[in-house]
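Student: Mind having a look at this structure? Questions to follow.
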Amino acid sequence: MAKQFDVIVAGIGSMGSAACYCLSKQGANVLGIEQFDIPHDQGSHAGQSRIIRKAYFEHPDYVPLLHRAYENWATIERETSTQLYFETGLYYAGTTENELIKGTKLAAEQHQIQLDNIAATGHTKTKNFVVPNHYEQWLEPKAGFITPERAILAFAQEAIRHGATLLTQQRVAHWKKKNGLFEVETNAGVFSSKKLIVSGGAWSSQLLPKLNTQLKVTRQVIAWLNPKKWDDFTLDNFPCWLIADDQLPGAFYGFPIMPAGKLGGPLGLKLAYHHPGKPSDPNKVDRINTQNEVLLLLQAAQKFLPNALGDILSVKTCLYTYSPDEHFIIDTHPDDNDLIIAAGFSGHGFKFASVVGEILGELATTGKTNQPIDFLRLKRFNN
C-alpha cells in the first residue's frame with residue numbers, strides 16, 4: 001500500500017467521510033483513517049436519523065450553508081441511487097420568548113423560509129402534540145431527516161470508487177510535521193501527506209492537543225418507544241419535532257417511526273433531549289447507567305405526546321462535542337495552514353456534513369473556500 005498521499009483525513013465519521021468523498025472526486029490522492037468501523041456507534045453519528053432544517057434558530061448565518069447542504073445531499077443521492085433525505089416537515093413548539101422560537105422565526109424571516117403557523121393553518125400531522133396554550137406552534141414543511149449511517153456509507157463508497165484509500169480499525173497514535181510533510185503513525189504504519197484534516201469528533205482534542213480552544217464531550221441518551229397508537233407515528237403520518245419545555249433548558253426532539261425493512265435500525269418512535277448530558281471521556285463512556293435520562297424522556301413524552309407512551313424498545317448513547325460557544329469550528333490551524341480542523345459540532349452538525357465535506361476539500365486543495373464560514377473560524381475566540 002502507498003505510504004504518501006496528498007491529504008490524510010483523521011476520522012471517517014460524518015465530516016471525514018464527506019471530505020474523503022469530495023477530495024477523491026477532485027482527483028486528490030486521499031487516505032482516510034478510522035479507529036472503528038464505517039459507520040460505527042461509538043461517537044456522534046449513529047442512531048438512524050438526524051433532523052435537517054433551514055429555519056436555523058442557532059444562528060441565521062448557518063442558513064446559506066444549509067442551502068448548499070441540501071443541494072449536496074441531492075447530489076450524493078443521485079450518484080448512489082440512495083434516498084438519504086426524507087421530507088417529513090418539522091414541528092416547533094415553545095414560548096414566544098424561548099430561543100428556539102425566536103431564532104427559528106428570525107432565520108425564516110431573514111432567509112424567506114416557509115414556516116406555517118399551526119394555529120392559523122392547522123396540520124393533521126401535528127394532532128398528537130399536546131402543549132400549553134401559551135406555546136407557539138409552527139411547522140417547517142421542507143424540513144425532515146437524513147439517515148446518518150446510510151449517508152456515511154454512501155460517502156465512503158463513492159470515495160473508494162474515486163480512488164480513496166480508507167483504513168478502518170486503525171487508531172492515530174500521533175502525528176508530526178517533518179520536512180514539510182505530515183507524518184501520521186497508526187498501528188498499520190506511518191503515512192505522510194501534504195495536508196492533514198482532523199475530523200475526529202469526540203476525539204478531536206486528543207488529536208489536536210495544541211489547539212487553544214477547549215472542547216467538551218458529553219454523553220447523550222436516545223430512546224425508542226412502542227407508542228400506544230403506532231399508526232399515528234409512522235413515517236407518512238408524523239413529522240420530526242422540536243419542543244422547548246419552559247421548565248427546562250434545551251429542547252426535546254424526535255422522529256417518526258422508521259420502516260424497518262427500508263431503513264433498518266432500532267424499532268419504534270425515537271426521542272431525545274438536546275442539552276449537554278454527562279461530561280465523558282470518549283474512551284470510557286458509560287453506556288449502561290441511563291435510567292435517569294430515560295425517565296426524563298418518558299416524562300417529556302407523557303407531557304407533550306401522551307399517545308406515544310409505551311414500552312421502551314431500545315436505548316442508545318451518542319456523544320456531543322461542544323466548542324465554548326456551541327458553534328462549529330471549521331478552519332485551518334492558526335500555526336499551520338496545511339492542517340485543517342473540523343470539530344465542535346455540538347449535536348447539531350450532521351445535517352451540514354455534505355457541505356462541510358466540500359469546505360474541507362476546498363481548504364485542503366486551495367487553502368480557501370467559497371462558502372461563508374467566517375463566523376465558524378477560530379479567530380472568534382480571540383476577541
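Residues are named by chain letter and number: chains run A, B, ... in the order of the C-alpha cells, numbers start at 1 in each chain, and ligands are numbered from 1 in the order shown.
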Could you give me, as a list in words, each residue of segment 155-267 of chain A that DSSP assigns to helix (DSSP H, G or I) when run on this structure's backbone?
Tutor: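 Filtering segment 155-267 of chain A down to helix (DSSP H, G or I) leaves Phe155, Ala156, Gln157, Glu158, Ala159, Ile160, Arg161, Gly201, Ala202, Trp203, Ser204, Ser205, Gln206, Leu207, Trp230, Asp231, Asp232, Phe233, Ala260, Gly261, Lys262 and Leu263 of chain A.
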Student: Just the selected residues (C-alpha atoms), exported as a compact mmCIF listing (two decimals), in the first residue's frame, please.
Tutor:
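The resulting part.txt:
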```txt
# COMPACT_ATOMS: atom_id res chain seq x y z
CA PHE A 155 -19.77 8.98 1.07
CA ALA A 156 -17.29 6.19 1.85
CA GLN A 157 -18.40 4.07 -1.09
CA GLU A 158 -18.05 6.95 -3.55
CA ALA A 159 -14.69 7.95 -2.06
CA ILE A 160 -13.37 4.42 -2.63
CA ARG A 161 -14.87 4.34 -6.11
CA GLY A 201 -15.44 14.08 16.58
CA ALA A 202 -15.25 13.44 20.30
CA TRP A 203 -11.58 12.51 19.91
CA SER A 204 -10.60 15.84 18.30
CA SER A 205 -8.95 17.22 21.44
CA GLN A 206 -6.74 14.14 21.64
CA LEU A 207 -5.72 14.61 18.01
CA TRP A 230 -48.37 3.01 16.40
CA ASP A 231 -50.01 4.08 13.12
CA ASP A 232 -50.27 7.71 14.25
CA PHE A 233 -46.47 7.95 14.42
CA ALA A 260 -37.85 -1.49 9.47
CA GLY A 261 -37.37 -3.14 6.11
CA LYS A 262 -36.46 0.14 4.42
CA LEU A 263 -34.17 1.92 6.84
```
Student: Extract, using only C-alpha atoms, all DNA, RNA and protein residues at most 6 Å from segment 103-113 of chain A, discarding same-chain residues fewer than 5 positions from it, and format them as an MDAnalysis selection string.
Tutor: chainID A and resid 55:57 60
Student: Report as a tab-separated table: every residue of segment 48-123 of chain A with an atom at most 6 Å from segment 132-149 of chain A, its closest pair of atoms, and their distance in Å to one decimal, counting only C-alpha atoms, with rows sorted by chain and ascending residue number.
Tutor:
```
residue	atom	partner	partner_atom	distance
A:Gln48	CA	A:Thr147	CA	5.6
A:Ser49	CA	A:Thr147	CA	4.6
A:Arg50	CA	A:Phe145	CA	5.2
A:Ile51	CA	A:Phe145	CA	4.2
A:Ile52	CA	A:Phe145	CA	5.1
A:Arg53	CA	A:Ala143	CA	4.6
A:Leu84	CA	A:Ile146	CA	5.4
A:Tyr85	CA	A:Ile146	CA	4.6
A:Phe86	CA	A:Phe145	CA	5.4
A:Glu87	CA	A:Gly144	CA	4.3
A:Thr88	CA	A:Gly144	CA	4.6
A:Gly89	CA	A:Pro141	CA	4.1
A:Leu90	CA	A:Glu140	CA	5.1
A:Tyr91	CA	A:Leu139	CA	4.5
A:Tyr92	CA	A:Trp138	CA	5.1
A:Ala93	CA	A:Gln137	CA	4.5
A:Gly94	CA	A:Tyr135	CA	4.7
A:Thr95	CA	A:Tyr135	CA	4.5
A:Leu115	CA	A:Glu140	CA	4.7
A:Asp116	CA	A:Leu139	CA	5.0
A:Asn117	CA	A:Trp138	CA	4.7
A:Ile118	CA	A:Trp138	CA	5.3
```
Student: Write out as JSON, numbers by chain the residues lying within 12 Å of segment 364-368 of chain A, counting only C-alpha atoms and excluding same-chain residues fewer than 2 positions away.
Tutor: {"A": [6, 7, 8, 9, 19, 20, 22, 23, 24, 26, 27, 28, 29, 30, 193, 194, 195, 196, 197, 198, 330, 331, 332, 333, 336, 337, 338, 339, 340, 341, 342, 357, 358, 359, 360, 361, 362, 370, 371, 372, 373, 374, 377]}
Student: So which bits of segment 64-194 of chain A end up strand (DSSP E) when you DSSP the backbone, as JSON, numbers by chain?
Tutor: {"A": [85, 86, 87, 90, 91, 92, 93, 94, 116, 117, 136, 137, 138, 139, 140, 144, 145, 146, 165, 166, 167, 172, 173, 174, 175, 176, 177, 178, 181, 182, 183, 184, 185, 186, 189, 190, 191, 192, 193, 194]}
Student: Name all residues at most 7 Å from Ser323 of chain A (count only C-alpha atoms; drop same-chain ones fewer than 6 positions away) and give them as a compact mmCIF listing (two decimals) with N, CA and C atoms, in the first residue's frame.
Tutor:
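Output contents, as saved in out-v9.txt:
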```
# COMPACT_ATOMS: atom_id res chain seq x y z
N GLN A 214 -11.00 24.91 24.16
CA GLN A 214 -11.46 23.76 24.92
C GLN A 214 -12.69 23.14 24.26
N LEU A 215 -12.64 21.84 24.01
CA LEU A 215 -13.79 21.09 23.51
C LEU A 215 -14.31 20.20 24.63
N LYS A 216 -15.60 20.26 24.87
CA LYS A 216 -16.22 19.45 25.93
C LYS A 216 -17.04 18.34 25.30
N GLY A 344 -16.27 20.28 17.08
CA GLY A 344 -17.25 21.01 17.88
C GLY A 344 -18.62 21.11 17.25
```
